[in-house]
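These notes are about the structure you will find just below.
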Amino acid sequence: MILENELLQLALGMAQAVLLLLCAPLVTGIVKKVKAWMQNRIGSSIWQEYYDIRKWWGKPTMLTPYTSITFRLAPCVYFLTTFAAACMLPGFLGGQAGFGDVFVFVYLLALGRFFMAVSSMDAATAFGGMGGSREVYVAAFVEPVVMLAVLSNVLHTNSTSLAGMSLRMDEVNLTVAGVLTCIAFFLVLLAENSRIPVDNPDTHLELTMIHECMTLEYSGRLLALIHWASQLKLLVFLVLFAMLYLPLDLPVVLKVFIGAVAVGVVETLNNKMRLFKVRVYLAAAGLMLLLAVVAQ
Amino acid sequence: MEMFLVAVGFYGIGVLTMLLPHGMQRAAHWLANSAALFGSAVCAYAAGLLLFGGVSPAPLTWGSYSLGCDGWSAVFLLLTGIAGVVTSLYALGYARGYEGSRLRLLGGMWCLFIMSMVLVLLAGDAFSFLLFWEIMAVASFMLVNHESEKRATWNAAYQYLVMASVGTAAIMIAFLLTGSASEGFSFAAMAKNTLDGSWQHLVFVCAFAGFALKAGLVPLHVWLPKAHPAAPSHVSALMSGVMLKIALYGFGRFMFSFLPAWNYWWCVAVLLAGVVSAFLGVLYAQMETDIKRVLAYSSVENMGVIFAAFGCGMLMKASGSSFYMLGFVAALVHAFNHSIMKVLMFMCAGSIMHGTGSKNLELFGGLARKMPYTAVFAFVGSLALAAIPLTNGFTGEWLVLQSFISLGTSCAGQDIRLWTAVSFVLLGFTGALALGCFVRFFGITFLGRARSEIVEHAHESDKFMLAAMGVASVLVVACGLYPLPVVRAAMLALGMPVALDAFGINLAWAGVGTAVCYKPLLLLALLLVLGAVLWLAVRNCFVVEDVTWNCGTYPTQRQQYSATGFSKPVRRAFDYLLKPKRQVTYMRKEHAYFGRQLSYKLEIPDMITEKLYQPLQKHFVSVSNFLRRLQQGSVRLYVAYVMVAMMLVLVWGALYK
């Protein structure tokens, strides 16, 4: 009976993740459209990301002779872990995969990151190593802030399971701590998903990129998987932002939309910052959270 | 108890092989390492029986000396036994490389080392504890100093010996103070000691300093990153995997038995020492280019995490929280898991050294093609040390984080909240830096293209070494996928009632909210099913093979990122802590920008050595120099001293009759 219940939860969680997976390119498309409008351009269609994925899916995959199995495995693991993380989100369909709590969620994403960073060195170029090295550096500063965001939320909700953390968010949480945590988590969201001002997802200049730099050697289906997973990750973080942190009493879909628009606006109004300023940016988020923890 | 004596007997046979003649060194090698293997197997079996079977053996007593075993020591005996079996199996292959250079001594000392660790855990009174503790220090010193022809080895070994002696002195003071306030020196008598307030503080300071030194906590860690790389690899594996944990055993013995009334500041001291060690350890680990030093600093990190969890448990108990056991369970589980994964990684490092003849990260690259099995095992170990889910490294990390969450939620007070937040920040840094560290370790060593010729001549290790690494890898994955036995062992060791969920760890008993669980098997099932679907989709994709794109030129090996380059952003971000000294020289300068030769030198001095130990050493030497003036070997001067002393005595006697 318990097992059946668990499987049902898992199935619902997966259904939810599939739904998110299907919507993920659309959300990225919306972000891009917002940016285009802000820059007085018409921009590409909001469905463009779907066309891109279909295009890459049909293209051949190019591999260098030095690469090992890690190189082919990494995009799959990245995709799978992001999908599994999406299964764990607090259930807006009523279900949730019950194999772990928020720490499992965070470290599951770390599994994908580990594979991507390791595979960046597999093609034996300078660009890959550069991306991996920078990814590891940014992660080193993102993680403590994520931990503090979790702590701040746990002190408020008294649970570390993602469902438990979102339970009491039905009430409007417009306290000092709530607002500070919300802002700080948004800053983390930008850093974790390689957005401006930490990284630039649009540029094709290898020297300024982090995430795109790691994936430079990928093509074809493997590239499609990486892009799709990145879009899913952004959506997952937006859903988390909406359900756990944004202190407004609105439907989740609307809150995710607000988050996506905010990402677009922030990306237009800011420049990408120098790599070594990222620590200052994240330290600001960390300090806000420290205040939130004490004010809790 | 008798079974432990059988194990000790096996080790004893191993020690005696030292006495075999030189011509039989190969036989001595096989005999010693097999004896260590069987002894450890017996030890692990006996400890497992004791722990899970709930048998409590009667202690053996000879006068005031005794050998005994309870839950707290049984879990460490189990750990020693398992690590001993794996490393002895490895030594059967690895130590053959020392043929002709004191092979018999290596085998004998190896057995003596394991035997002394087992006996430290069995010791039932202060004197036998200290005796075996010293034998452990001396045996490990001999093993570290095995390649004593090398200046660096010799240096590291003597530094280790000096620091180990200082640590033993501190522990001895702690024992003597406790013993003098009780009816005897047996642990049972010492548990009923009558130490009063200020003496308790002194005992705590001495015990903590002594055991923290052995555990390698910052700032007492300086011997560790030197001694581990100097020792033969199977020895570093056991030192890192087991000997450091023995320090936790001793510290726990003091805290649980002899000093049960914990002061608030003691708990904070243990907690902060733990988190700071974790952070600094992993930061230095990412800067190192010597593979064994990377692992040694990673041990500092993990011991830090273990002591942080222990301190968290202490703080929860001192603050009256009912979830305090969670901290101790986390510390024990992480200690157990870390022991296995660190043994695995040191064996991989040994295998790399064996295959390439070097331990310099900058020379490797693309080793996965030459040493495929070692690569797989090292990958498992790297994942575990980066605390990735599905490996056993994550289980401990998860419990540690949960115990800190309980600290924050179940204890009132702004100060507790501050300690929790500080710990979370530092543990967050630790987790992410550990990930970076092992991405770098694995990526630079095994992936990409060869950075030097030694990779071309590399060869895979022999069967014994591969088997040992394989067993350790399986244990890492098995304990990661099904963590219950380890968690159960930890709970039994602490005398907790056992109630656990069928699939994973369920923390309903920890009271941190509803349904806080971690179910690796379910997660694995999900990943496997989805992975199979994904594999079907990707399997048939059209693959073209061509050289990596490099702006129109063919890439060379030298264009890959180096290990030093890879850690550059982190080094620069933390330069106020690391204070790297770089020296760039332009060797040839025909053109300002193109075709010039550079020499780049980078040195990261250990901050603690430079700021603490070197001034200390300087003062020590200057005081000694001053004292030397009093003692110059001149007979007339000594006669004068006698005269002066006698006159003072006379004057004193005349004044105070």
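FYI, nothing fancy with the structure tokens labels: chains A, B, ... in order, residues from 1 per chain, ligands from 1 as they appear.
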
Quiz item: Near Ala91 (chain B), counting only C-alpha atoms, which residues have an atom at most 9 Å away, once you skip same-chain residues fewer than 6 positions from it, shown as a list in words?
Solution: Asn33, Gly107, Ser233, His234, Val235, Phe464, Met465 and Ala468 of chain B

Those selected residues, please, written with N, CA and C atoms and delivered as a PDB file, in the first residue's frame.
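The result, stored in again.pdb:
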ATOM      1  N   ASN B  33      51.366  -9.449   4.478  1.00  0.00           N
ATOM      2  CA  ASN B  33      50.153  -8.798   3.988  1.00  0.00           C
ATOM      3  C   ASN B  33      48.947  -9.720   4.049  1.00  0.00           C
ATOM      4  N   GLY B 107      56.452  -4.723   5.421  1.00  0.00           N
ATOM      5  CA  GLY B 107      55.395  -5.667   5.768  1.00  0.00           C
ATOM      6  C   GLY B 107      55.185  -5.745   7.270  1.00  0.00           C
ATOM      7  N   SER B 233      51.612   4.402  -0.833  1.00  0.00           N
ATOM      8  CA  SER B 233      50.181   4.733  -0.995  1.00  0.00           C
ATOM      9  C   SER B 233      49.244   3.948  -0.109  1.00  0.00           C
ATOM     10  N   HIS B 234      49.515   2.641   0.096  1.00  0.00           N
ATOM     11  CA  HIS B 234      48.579   1.893   0.929  1.00  0.00           C
ATOM     12  C   HIS B 234      48.657   2.397   2.368  1.00  0.00           C
ATOM     13  N   VAL B 235      49.835   2.901   2.760  1.00  0.00           N
ATOM     14  CA  VAL B 235      49.968   3.449   4.106  1.00  0.00           C
ATOM     15  C   VAL B 235      49.198   4.764   4.215  1.00  0.00           C
ATOM     16  N   PHE B 464      45.850  -7.578  -7.990  1.00  0.00           N
ATOM     17  CA  PHE B 464      45.558  -7.324  -6.578  1.00  0.00           C
ATOM     18  C   PHE B 464      45.095  -5.894  -6.375  1.00  0.00           C
ATOM     19  N   MET B 465      45.812  -4.982  -6.998  1.00  0.00           N
ATOM     20  CA  MET B 465      45.474  -3.575  -6.828  1.00  0.00           C
ATOM     21  C   MET B 465      44.104  -3.277  -7.423  1.00  0.00           C
ATOM     22  N   ALA B 468      41.407  -4.693  -5.182  1.00  0.00           N
ATOM     23  CA  ALA B 468      41.194  -3.885  -3.976  1.00  0.00           C
ATOM     24  C   ALA B 468      40.399  -2.630  -4.306  1.00  0.00           C
TER      25      ALA B 468
END

Neighbour list for region 531-539 of chain B as a tab-separated table (two decimals) with C-alpha atoms, in the first residue's frame, cut-off 9 Å, only C-alpha atoms, skip fewer than 3 positions in-chain:
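As a result, selection_28.tsv now contains:
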chain	number	residue	atom	x	y	z
A	76	CYS	CA	22.46	12.73	-20.86
A	77	VAL	CA	23.27	12.90	-17.15
A	80	LEU	CA	18.37	13.34	-16.49
A	221	ARG	CA	21.47	15.79	-30.43
A	222	LEU	CA	23.84	16.18	-27.52
B	526	LEU	CA	14.02	6.80	-11.83
B	527	LEU	CA	17.37	7.75	-13.39
B	528	LEU	CA	17.82	4.27	-14.86
B	542	PHE	CA	24.66	10.33	-36.54

DSSP on the backbone, then: every residue of region 8-108 of chain B marked strand (DSSP E), written as a PDB file with N, CA and C atoms, in the first residue's frame.
ATOM      1  N   LEU B  60      38.773  -8.344  29.133  1.00  0.00           N
ATOM      2  CA  LEU B  60      39.889  -9.147  29.640  1.00  0.00           C
ATOM      3  C   LEU B  60      40.714  -8.257  30.551  1.00  0.00           C
ATOM      4  N   THR B  61      41.053  -8.748  31.723  1.00  0.00           N
ATOM      5  CA  THR B  61      41.764  -7.909  32.670  1.00  0.00           C
ATOM      6  C   THR B  61      43.043  -8.592  33.135  1.00  0.00           C
ATOM      7  N   TRP B  62      44.124  -7.843  33.161  1.00  0.00           N
ATOM      8  CA  TRP B  62      45.368  -8.291  33.786  1.00  0.00           C
ATOM      9  C   TRP B  62      45.751  -7.220  34.791  1.00  0.00           C
ATOM     10  N   TYR B  65      45.398  -3.485  34.039  1.00  0.00           N
ATOM     11  CA  TYR B  65      45.265  -3.290  32.601  1.00  0.00           C
ATOM     12  C   TYR B  65      44.103  -4.100  32.078  1.00  0.00           C
ATOM     13  N   SER B  66      43.426  -3.564  31.066  1.00  0.00           N
ATOM     14  CA  SER B  66      42.310  -4.338  30.528  1.00  0.00           C
ATOM     15  C   SER B  66      42.089  -4.025  29.056  1.00  0.00           C
ATOM     16  N   LEU B  67      41.474  -5.005  28.372  1.00  0.00           N
ATOM     17  CA  LEU B  67      41.051  -4.810  26.983  1.00  0.00           C
ATOM     18  C   LEU B  67      39.550  -5.038  26.945  1.00  0.00           C
TER      19      LEU B  67
END

Sort by chain and increasing residue number a table of all residues of chain B within 7 Å of chain A, each with its closest pair of atoms and their distance in Å to one decimal, counting only C-alpha atoms, and write it as CSV.
residue,atom,partner,partner_atom,distance
B:Ile388,CA,A:Leu111,CA,5.7
B:Pro389,CA,A:Leu108,CA,6.3
B:Trp398,CA,A:Phe103,CA,6.8
B:Thr409,CA,A:Leu155,CA,6.0
B:Gln414,CA,A:Val294,CA,6.9
B:Arg417,CA,A:Val294,CA,6.9
B:Ala421,CA,A:Leu148,CA,6.8
B:Phe424,CA,A:Met147,CA,6.1
B:Val425,CA,A:Pro144,CA,4.6
B:Leu426,CA,A:Pro144,CA,6.9
B:Gly428,CA,A:Pro144,CA,4.0
B:Phe429,CA,A:Pro144,CA,5.4
B:Ala432,CA,A:Ala140,CA,4.7
B:Leu433,CA,A:Ala140,CA,5.5
B:Leu435,CA,A:Phe114,CA,6.8
B:Gly436,CA,A:Val136,CA,5.1
B:Val439,CA,A:Val118,CA,5.4
B:Gly443,CA,A:Val118,CA,5.2
B:Leu447,CA,A:Asp122,CA,5.0
B:Gly448,CA,A:Ala124,CA,4.4
B:Arg449,CA,A:Ala124,CA,5.9
B:Val512,CA,A:Ser159,CA,5.6
B:Gly513,CA,A:Ser159,CA,4.5
B:Thr514,CA,A:Ser159,CA,6.7
B:Ala515,CA,A:Ser161,CA,6.9
B:Val516,CA,A:Ser161,CA,5.5
B:Cys517,CA,A:Gly100,CA,5.1
B:Tyr518,CA,A:Gly100,CA,4.2
B:Lys519,CA,A:Phe99,CA,4.6
B:Pro520,CA,A:Phe99,CA,6.9
B:Leu522,CA,A:Phe99,CA,6.1
B:Leu523,CA,A:Phe99,CA,6.0
B:Leu527,CA,A:Leu80,CA,6.5
B:Leu530,CA,A:Leu80,CA,6.9
B:Gly531,CA,A:Leu80,CA,6.9
B:Val538,CA,A:Arg221,CA,6.9
B:Cys541,CA,A:Pro60,CA,6.7
B:Phe542,CA,A:Pro60,CA,4.7
B:Val543,CA,A:Thr61,CA,4.7
B:Val544,CA,A:Met62,CA,4.6
B:Glu545,CA,A:Leu63,CA,4.8
B:Asp546,CA,A:Thr64,CA,5.1
B:Val547,CA,A:Thr64,CA,5.0
B:Thr548,CA,A:Thr64,CA,5.5
B:Pro555,CA,A:Thr125,CA,6.9
B:Gln559,CA,A:Ala126,CA,5.5
B:Gln560,CA,A:Ala126,CA,4.7
B:Tyr561,CA,A:Gly129,CA,5.2
B:Phe566,CA,A:Ser133,CA,5.0
B:Ser567,CA,A:Ser133,CA,6.5
B:Pro569,CA,A:Tyr137,CA,6.0
B:Val570,CA,A:Tyr137,CA,5.5
B:Ala573,CA,A:Phe276,CA,6.7

Write a file of the selected residues as a compact mmCIF listing (two decimals), in the first residue's frame, keeping C-alpha atoms.
# COMPACT_ATOMS: atom_id res chain seq x y z
CA ILE B 388 27.28 13.50 -5.15
CA PRO B 389 23.97 11.65 -4.55
CA TRP B 398 23.05 14.98 3.90
CA THR B 409 15.21 24.99 14.22
CA GLN B 414 20.25 34.47 18.24
CA ARG B 417 21.21 31.06 14.75
CA ALA B 421 24.30 30.44 9.50
CA PHE B 424 25.93 26.73 6.51
CA VAL B 425 27.96 29.29 4.60
CA LEU B 426 31.20 27.43 5.23
CA GLY B 428 28.23 25.46 1.28
CA PHE B 429 31.67 26.67 0.24
CA ALA B 432 31.07 23.41 -3.99
CA LEU B 433 34.86 23.64 -3.69
CA LEU B 435 33.13 19.43 -6.36
CA GLY B 436 35.53 21.72 -8.18
CA VAL B 439 36.32 17.75 -11.23
CA GLY B 443 39.42 15.80 -15.55
CA LEU B 447 40.57 13.20 -19.71
CA GLY B 448 41.82 15.24 -22.61
CA ARG B 449 45.21 14.59 -24.15
CA VAL B 512 12.70 18.32 11.28
CA GLY B 513 9.28 18.22 9.72
CA THR B 514 7.17 15.89 7.68
CA ALA B 515 8.59 13.26 5.40
CA VAL B 516 12.19 14.36 5.32
CA CYS B 517 13.82 11.50 3.56
CA TYR B 518 16.52 10.49 1.15
CA LYS B 519 15.82 7.41 -0.95
CA PRO B 520 18.73 6.67 -3.23
CA LEU B 522 14.12 5.18 -5.79
CA LEU B 523 16.21 7.94 -7.31
CA LEU B 527 17.37 7.75 -13.39
CA LEU B 530 14.66 7.63 -17.87
CA GLY B 531 18.25 6.91 -18.88
CA VAL B 538 20.51 9.25 -28.53
CA CYS B 541 22.38 9.74 -33.62
CA PHE B 542 24.66 10.33 -36.54
CA VAL B 543 28.26 10.77 -35.44
CA VAL B 544 31.06 12.45 -37.34
CA GLU B 545 34.62 12.25 -36.02
CA ASP B 546 36.95 15.16 -36.55
CA VAL B 547 39.60 17.17 -34.75
CA THR B 548 38.43 19.71 -32.20
CA PRO B 555 45.09 22.22 -31.35
CA GLN B 559 46.60 24.44 -25.29
CA GLN B 560 44.63 22.45 -22.76
CA TYR B 561 43.94 23.93 -19.40
CA PHE B 566 41.99 25.43 -13.77
CA SER B 567 42.04 26.61 -10.17
CA PRO B 569 39.63 31.82 -10.64
CA VAL B 570 39.20 30.31 -7.19
CA ALA B 573 38.88 34.99 -5.55

Quiz item: Can you list, as a VMD selection string, every protein, DNA or RNA residue that comes within 12 Å of region 256-266 of chain A when you count only C-alpha atoms, leaving out same-chain residues fewer than 5 positions away?
Solution: chain A and resid 20 23 to 39 182 to 183 185 to 191 193 to 198 201 231 234 to 246 248 250 to 251 271 to 272

Self-check item: All residues 6 Å or closer to region 75-88 of chain B, only C-alpha atoms, same chain fewer than 5 positions away omitted, as a ChimeraX atom specification
Solution: /B:33,37,40-41,43-44,47,234,242,468

Quiz prompt | Neighbour list for His457 (chain B) as JSON, numbers by chain, cut-off 9 Å, only C-alpha atoms, skip fewer than 6 positions in-chain | solution = {"B": [355, 356, 370]}

Exercise. List every residue of region 196-357 of chain B that DSSP, applied to the backbone, labels as helix (DSSP H, G or I), and write the result as number ranges by chain.
Key: B: 197-215, 224-230, 233-258, 264-287, 291-318, 325-356

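Considering the residues B:Ile352, B:Leu363, B:Ala645, B:Leu524 and counting only C-alpha atoms, Glu453 (chain B) has its shortest atom-to-atom contact with B:Leu363.
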
Quiz prompt | Nearest to Trp266 (chain B), chosen from B:Pro229, B:Gly281, B:Gly313, B:Gly495, with only C-alpha atoms counted in the distances | solution = B:Gly313

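Relative to CA of Gly210 (chain B), CA of Ala170 (chain B) is found at 5.1 Å.
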